[in-house]
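Visitor: Structure in structure tokens, see below.
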Amino acid sequence: MKKYFISASMILLSALPAMAAEITPGTLVGRYKVEARAGFQKIYANFRILNTTEFEVQRTYANGAEDEVCNGTYNLLSSVSWDENWFLAVSKQFKGNFTCPSNRSKTITFNVDFGANKTEDLARGTQVVVTSSMAPGMKLNAYVKKQ
């Protein structure tokens with residue numbers, strides 16, 4: 001019996017690295033490059049998640065110019081739904097709001113829908129859907145890659 005337990009444990013432990021890690025506030029901490037398209041305009045941003053509730057965002061331009069660094073807070077929400085094959089699908093949504101030093105009275109809100117992406121997808125680079133108070137009613141496809 002002990003021999004079977006050890007064999008099963010070794011098989012399980014060897015498979016653990018292959019299992020994808022869920023996106024959590026702790027696993028999101030780090031720096032990200034974001035590229036989105038709104039109409040004919042490309043938007044670039046440097047995104048830095050400082051801890052499990054705070055982040056910084058800075059818009060950058062193709063010519064190398066940068067805007068001011070803005071600060072904000074976020075929550076990471078999970079939702080469960082049925083997918084097209086009637087399997088339970090867990091989706092993560094990043095809900096944030098931020099202000100910039102030049103105008104602290106203007107708050108910008110946005111949502112990032114990670115879908116079923118995992119932390120490994122963020123490291124490789126992946127597509128997400130972004131909605132924002134800056135572009136009401138629009139869903140932007142964005143490419144996010146952890147640095």
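All residue names refer to the structure tokens as shown: chains lettered A, B, ... in order, residues numbered from 1 in each chain, ligands numbered from 1 in order.
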Check region 15-121 of chain A with DSSP on the backbone and list each residue it calls strand (DSSP E), as an mmCIF file with N, CA and C atoms, in the first residue's frame.
Guide:
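Result written to out-v2.cif:
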```cif
data_model
loop_
_atom_site.group_PDB
_atom_site.id
_atom_site.type_symbol
_atom_site.label_atom_id
_atom_site.label_comp_id
_atom_site.auth_asym_id
_atom_site.auth_seq_id
_atom_site.Cartn_x
_atom_site.Cartn_y
_atom_site.Cartn_z
ATOM 1 N N GLY A 30 3.401 42.871 -10.456
ATOM 2 C CA GLY A 30 4.485 42.937 -11.432
ATOM 3 C C GLY A 30 4.254 44.031 -12.456
ATOM 4 N N ARG A 31 5.095 44.044 -13.488
ATOM 5 C CA ARG A 31 5.032 45.049 -14.559
ATOM 6 C C ARG A 31 4.464 44.418 -15.823
ATOM 7 N N TYR A 32 3.663 45.203 -16.549
ATOM 8 C CA TYR A 32 3.024 44.730 -17.768
ATOM 9 C C TYR A 32 3.138 45.776 -18.865
ATOM 10 N N LYS A 33 3.245 45.311 -20.081
ATOM 11 C CA LYS A 33 3.135 46.156 -21.271
ATOM 12 C C LYS A 33 1.763 45.878 -21.863
ATOM 13 N N VAL A 34 1.038 46.936 -22.187
ATOM 14 C CA VAL A 34 -0.311 46.804 -22.726
ATOM 15 C C VAL A 34 -0.371 47.538 -24.055
ATOM 16 N N GLU A 35 -0.991 46.896 -25.033
ATOM 17 C CA GLU A 35 -1.193 47.509 -26.344
ATOM 18 C C GLU A 35 -2.645 47.270 -26.739
ATOM 19 N N ALA A 36 -3.360 48.362 -27.013
ATOM 20 C CA ALA A 36 -4.773 48.255 -27.391
ATOM 21 C C ALA A 36 -5.021 49.094 -28.632
ATOM 22 N N ARG A 37 -6.091 48.780 -29.321
ATOM 23 C CA ARG A 37 -6.463 49.539 -30.507
ATOM 24 C C ARG A 37 -7.869 50.085 -30.295
ATOM 25 N N ALA A 38 -7.992 51.402 -30.483
ATOM 26 C CA ALA A 38 -9.285 52.078 -30.415
ATOM 27 C C ALA A 38 -9.496 52.784 -31.745
ATOM 28 N N GLN A 41 -6.460 54.267 -33.801
ATOM 29 C CA GLN A 41 -5.407 54.672 -32.893
ATOM 30 C C GLN A 41 -4.930 53.505 -32.043
ATOM 31 N N LYS A 42 -3.617 53.357 -31.932
ATOM 32 C CA LYS A 42 -3.039 52.366 -31.032
ATOM 33 C C LYS A 42 -2.707 53.054 -29.722
ATOM 34 N N ILE A 43 -3.006 52.370 -28.635
ATOM 35 C CA ILE A 43 -2.737 52.907 -27.304
ATOM 36 C C ILE A 43 -1.740 51.986 -26.621
ATOM 37 N N TYR A 44 -0.679 52.576 -26.093
ATOM 38 C CA TYR A 44 0.339 51.816 -25.375
ATOM 39 C C TYR A 44 0.351 52.276 -23.922
ATOM 40 N N ALA A 45 0.590 51.341 -23.004
ATOM 41 C CA ALA A 45 0.659 51.704 -21.594
ATOM 42 C C ALA A 45 1.620 50.792 -20.852
ATOM 43 N N ASN A 46 2.273 51.369 -19.873
ATOM 44 C CA ASN A 46 3.052 50.609 -18.899
ATOM 45 C C ASN A 46 2.169 50.484 -17.671
ATOM 46 N N PHE A 47 2.009 49.286 -17.213
ATOM 47 C CA PHE A 47 1.091 49.001 -16.113
ATOM 48 C C PHE A 47 1.889 48.296 -15.035
ATOM 49 N N ARG A 48 1.821 48.796 -13.816
ATOM 50 C CA ARG A 48 2.574 48.188 -12.717
ATOM 51 C C ARG A 48 1.624 47.927 -11.561
ATOM 52 N N ILE A 49 1.455 46.672 -11.212
ATOM 53 C CA ILE A 49 0.625 46.304 -10.070
ATOM 54 C C ILE A 49 1.553 46.219 -8.862
ATOM 55 N N GLU A 54 -3.327 47.964 -5.223
ATOM 56 C CA GLU A 54 -2.905 49.218 -5.850
ATOM 57 C C GLU A 54 -2.105 48.981 -7.122
ATOM 58 N N PHE A 55 -2.210 49.947 -8.041
ATOM 59 C CA PHE A 55 -1.456 49.876 -9.291
ATOM 60 C C PHE A 55 -1.076 51.269 -9.766
ATOM 61 N N GLU A 56 -0.169 51.323 -10.737
ATOM 62 C CA GLU A 56 0.214 52.542 -11.436
ATOM 63 C C GLU A 56 0.066 52.287 -12.925
ATOM 64 N N VAL A 57 -0.340 53.301 -13.650
ATOM 65 C CA VAL A 57 -0.451 53.184 -15.101
ATOM 66 C C VAL A 57 0.139 54.445 -15.730
ATOM 67 N N GLN A 58 0.837 54.251 -16.850
ATOM 68 C CA GLN A 58 1.448 55.363 -17.561
ATOM 69 C C GLN A 58 1.286 55.130 -19.052
ATOM 70 N N ARG A 59 0.642 56.073 -19.718
ATOM 71 C CA ARG A 59 0.482 55.952 -21.167
ATOM 72 C C ARG A 59 1.790 56.324 -21.840
ATOM 73 N N THR A 60 2.162 55.534 -22.838
ATOM 74 C CA THR A 60 3.357 55.809 -23.624
ATOM 75 C C THR A 60 2.944 55.951 -25.085
ATOM 76 N N CYS A 70 -0.066 57.632 -13.227
ATOM 77 C CA CYS A 70 -1.331 57.747 -12.508
ATOM 78 C C CYS A 70 -1.455 56.575 -11.531
ATOM 79 N N ASN A 71 -2.142 56.797 -10.429
ATOM 80 C CA ASN A 71 -2.268 55.798 -9.368
ATOM 81 C C ASN A 71 -3.716 55.371 -9.213
ATOM 82 N N GLY A 72 -3.907 54.102 -8.848
ATOM 83 C CA GLY A 72 -5.268 53.634 -8.659
ATOM 84 C C GLY A 72 -5.352 52.409 -7.773
ATOM 85 N N THR A 73 -6.582 51.976 -7.576
ATOM 86 C CA THR A 73 -6.861 50.770 -6.805
ATOM 87 C C THR A 73 -7.686 49.813 -7.665
ATOM 88 N N TYR A 74 -7.671 48.539 -7.286
ATOM 89 C CA TYR A 74 -8.401 47.545 -8.068
ATOM 90 C C TYR A 74 -8.943 46.444 -7.183
ATOM 91 N N ASN A 75 -9.890 45.718 -7.752
ATOM 92 C CA ASN A 75 -10.423 44.481 -7.182
ATOM 93 C C ASN A 75 -10.374 43.442 -8.283
ATOM 94 N N LEU A 76 -10.149 42.203 -7.917
ATOM 95 C CA LEU A 76 -10.174 41.098 -8.865
ATOM 96 C C LEU A 76 -11.385 40.243 -8.533
ATOM 97 N N LEU A 77 -12.315 40.167 -9.470
ATOM 98 C CA LEU A 77 -13.560 39.440 -9.246
ATOM 99 C C LEU A 77 -13.589 38.172 -10.081
ATOM 100 N N SER A 78 -14.233 37.155 -9.573
ATOM 101 C CA SER A 78 -14.411 35.897 -10.302
ATOM 102 C C SER A 78 -15.876 35.729 -10.647
ATOM 103 N N SER A 79 -16.124 35.173 -11.814
ATOM 104 C CA SER A 79 -17.493 34.815 -12.173
ATOM 105 C C SER A 79 -17.469 33.420 -12.778
ATOM 106 N N VAL A 80 -18.530 32.692 -12.529
ATOM 107 C CA VAL A 80 -18.649 31.327 -13.028
ATOM 108 C C VAL A 80 -19.856 31.271 -13.957
ATOM 109 N N SER A 81 -19.662 30.657 -15.119
ATOM 110 C CA SER A 81 -20.768 30.519 -16.072
ATOM 111 C C SER A 81 -20.574 29.230 -16.864
ATOM 112 N N TRP A 82 -21.590 28.888 -17.626
ATOM 113 C CA TRP A 82 -21.503 27.713 -18.494
ATOM 114 C C TRP A 82 -20.918 28.134 -19.826
ATOM 115 N N LEU A 88 -18.423 24.221 -16.713
ATOM 116 C CA LEU A 88 -18.295 25.435 -15.906
ATOM 117 C C LEU A 88 -17.031 26.178 -16.316
ATOM 118 N N ALA A 89 -17.172 27.457 -16.594
ATOM 119 C CA ALA A 89 -16.037 28.291 -16.969
ATOM 120 C C ALA A 89 -15.871 29.387 -15.928
ATOM 121 N N VAL A 90 -14.666 29.513 -15.392
ATOM 122 C CA VAL A 90 -14.366 30.551 -14.414
ATOM 123 C C VAL A 90 -13.669 31.685 -15.133
ATOM 124 N N SER A 91 -14.177 32.889 -14.955
ATOM 125 C CA SER A 91 -13.633 34.070 -15.599
ATOM 126 C C SER A 91 -13.180 35.055 -14.530
ATOM 127 N N LYS A 92 -12.064 35.719 -14.765
ATOM 128 C CA LYS A 92 -11.547 36.726 -13.833
ATOM 129 C C LYS A 92 -11.701 38.097 -14.471
ATOM 130 N N GLN A 93 -12.109 39.063 -13.650
ATOM 131 C CA GLN A 93 -12.271 40.426 -14.138
ATOM 132 C C GLN A 93 -11.582 41.387 -13.174
ATOM 133 N N PHE A 94 -10.710 42.203 -13.735
ATOM 134 C CA PHE A 94 -9.955 43.214 -13.001
ATOM 135 C C PHE A 94 -10.757 44.508 -13.103
ATOM 136 N N LYS A 95 -11.238 45.027 -11.970
ATOM 137 C CA LYS A 95 -11.999 46.278 -11.953
ATOM 138 C C LYS A 95 -11.157 47.311 -11.233
ATOM 139 N N GLY A 96 -10.809 48.376 -11.946
ATOM 140 C CA GLY A 96 -9.945 49.384 -11.357
ATOM 141 C C GLY A 96 -10.442 50.789 -11.598
ATOM 142 N N ASN A 97 -9.927 51.705 -10.803
ATOM 143 C CA ASN A 97 -10.150 53.133 -11.045
ATOM 144 C C ASN A 97 -8.884 53.862 -10.649
ATOM 145 N N PHE A 98 -8.604 54.957 -11.359
ATOM 146 C CA PHE A 98 -7.378 55.699 -11.070
ATOM 147 C C PHE A 98 -7.578 57.186 -11.314
ATOM 148 N N THR A 99 -6.673 57.966 -10.730
ATOM 149 C CA THR A 99 -6.608 59.406 -10.948
ATOM 150 C C THR A 99 -5.166 59.749 -11.285
ATOM 151 N N CYS A 100 -4.998 60.900 -11.911
ATOM 152 C CA CYS A 100 -3.664 61.364 -12.274
ATOM 153 C C CYS A 100 -3.328 62.612 -11.466
ATOM 154 N N ASN A 103 -4.950 66.082 -12.290
ATOM 155 C CA ASN A 103 -6.365 66.336 -12.042
ATOM 156 C C ASN A 103 -6.933 65.220 -11.176
ATOM 157 N N ARG A 104 -6.775 65.335 -9.873
ATOM 158 C CA ARG A 104 -7.239 64.300 -8.948
ATOM 159 C C ARG A 104 -8.757 64.221 -8.857
ATOM 160 N N SER A 105 -9.465 65.229 -9.368
ATOM 161 C CA SER A 105 -10.929 65.196 -9.302
ATOM 162 C C SER A 105 -11.534 64.322 -10.403
ATOM 163 N N LYS A 106 -10.766 64.001 -11.427
ATOM 164 C CA LYS A 106 -11.256 63.163 -12.531
ATOM 165 C C LYS A 106 -10.832 61.713 -12.292
ATOM 166 N N THR A 107 -11.813 60.846 -12.067
ATOM 167 C CA THR A 107 -11.550 59.425 -11.837
ATOM 168 C C THR A 107 -11.896 58.645 -13.096
ATOM 169 N N ILE A 108 -10.999 57.802 -13.516
ATOM 170 C CA ILE A 108 -11.204 56.961 -14.691
ATOM 171 C C ILE A 108 -11.393 55.529 -14.205
ATOM 172 N N THR A 109 -12.468 54.896 -14.648
ATOM 173 C CA THR A 109 -12.738 53.507 -14.282
ATOM 174 C C THR A 109 -12.541 52.620 -15.501
ATOM 175 N N PHE A 110 -12.176 51.381 -15.268
ATOM 176 C CA PHE A 110 -12.018 50.435 -16.365
ATOM 177 C C PHE A 110 -12.143 49.014 -15.845
ATOM 178 N N ASN A 111 -12.445 48.112 -16.750
ATOM 179 C CA ASN A 111 -12.544 46.679 -16.463
ATOM 180 C C ASN A 111 -11.676 45.933 -17.462
ATOM 181 N N VAL A 112 -10.963 44.948 -16.975
ATOM 182 C CA VAL A 112 -10.185 44.062 -17.845
ATOM 183 C C VAL A 112 -10.747 42.664 -17.645
ATOM 184 N N ASP A 113 -11.273 42.087 -18.697
ATOM 185 C CA ASP A 113 -11.826 40.733 -18.631
ATOM 186 C C ASP A 113 -10.743 39.758 -19.085
ATOM 187 N N PHE A 114 -10.193 39.005 -18.135
ATOM 188 C CA PHE A 114 -9.151 38.028 -18.444
ATOM 189 C C PHE A 114 -9.719 36.757 -19.055
ATOM 190 N N GLY A 115 -11.014 36.560 -18.962
ATOM 191 C CA GLY A 115 -11.609 35.327 -19.461
ATOM 192 C C GLY A 115 -11.057 34.143 -18.692
#
```
Visitor: According to DSSP computed on the backbone, where in chain A is there alpha helix (DSSP H)? Give the residues as a ChimeraX atom specification.
Guide: /A:2-15,25-28,119-124
Visitor: CA of Ala62 (chain A) and CA of Leu140 (chain A), how far apart in Å?
Guide: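 Between these atoms lies a distance of 18.6 Å.
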Visitor: Nearest to Thr24 (chain A): which of A:Val144, A:Asn51, A:Ala65, A:Ser102 is it, counting only C-alpha atoms?
Guide: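 Among the listed residues, the smallest separation from Thr24 (chain A) belongs to A:Asn51.
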Visitor: Could you please determine the separation between CA of Ala135 (chain A) and CA of Pro25 (chain A) in Å, to one decimal place?
Guide: 25.6 Å
Visitor: Which residues are close to Lys139 (chain A), i.e. within 9 Å by only C-alpha atoms, leaving aside same-chain residues fewer than 6 positions away? Reply as a CSV table (one decimal) with all heavy atoms, in the first residue's frame.
Guide:
```csv
chain,number,residue,atom,x,y,z
A,38,ALA,N,-8.0,51.4,-30.5
A,38,ALA,CA,-9.3,52.1,-30.4
A,38,ALA,C,-9.5,52.8,-31.7
A,38,ALA,O,-8.9,53.8,-32.0
A,38,ALA,CB,-9.3,53.1,-29.3
A,129,VAL,N,-10.1,41.7,-22.9
A,129,VAL,CA,-11.1,42.7,-23.4
A,129,VAL,C,-11.1,43.8,-22.3
A,129,VAL,O,-11.3,43.5,-21.1
A,129,VAL,CB,-12.5,42.0,-23.5
A,129,VAL,CG1,-13.5,43.0,-23.9
A,129,VAL,CG2,-12.4,40.9,-24.6
A,130,VAL,N,-11.0,45.0,-22.7
A,130,VAL,CA,-11.0,46.2,-21.8
A,130,VAL,C,-12.2,47.1,-22.1
A,130,VAL,O,-12.5,47.4,-23.3
A,130,VAL,CB,-9.7,47.0,-22.0
A,130,VAL,CG1,-9.7,48.2,-21.1
A,130,VAL,CG2,-8.5,46.1,-21.7
A,131,THR,N,-12.9,47.5,-21.1
A,131,THR,CA,-13.9,48.6,-21.2
A,131,THR,C,-13.5,49.7,-20.3
A,131,THR,O,-12.9,49.4,-19.2
A,131,THR,CB,-15.3,48.1,-20.8
A,131,THR,OG1,-15.3,47.5,-19.5
A,131,THR,CG2,-15.8,47.0,-21.8
A,132,SER,N,-13.8,50.9,-20.6
A,132,SER,CA,-13.3,52.0,-19.8
A,132,SER,C,-14.3,53.2,-19.9
A,132,SER,O,-15.1,53.4,-20.9
A,132,SER,CB,-12.0,52.5,-20.4
A,132,SER,OG,-11.6,53.7,-19.8
```
Visitor: Please measure the separation of CA of Thr126 (chain A) and CA of Glu22 (chain A), giving the value in Å to one decimal.
Guide: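 Separation of CA of Thr126 (chain A) and CA of Glu22 (chain A): 14.6 Å.
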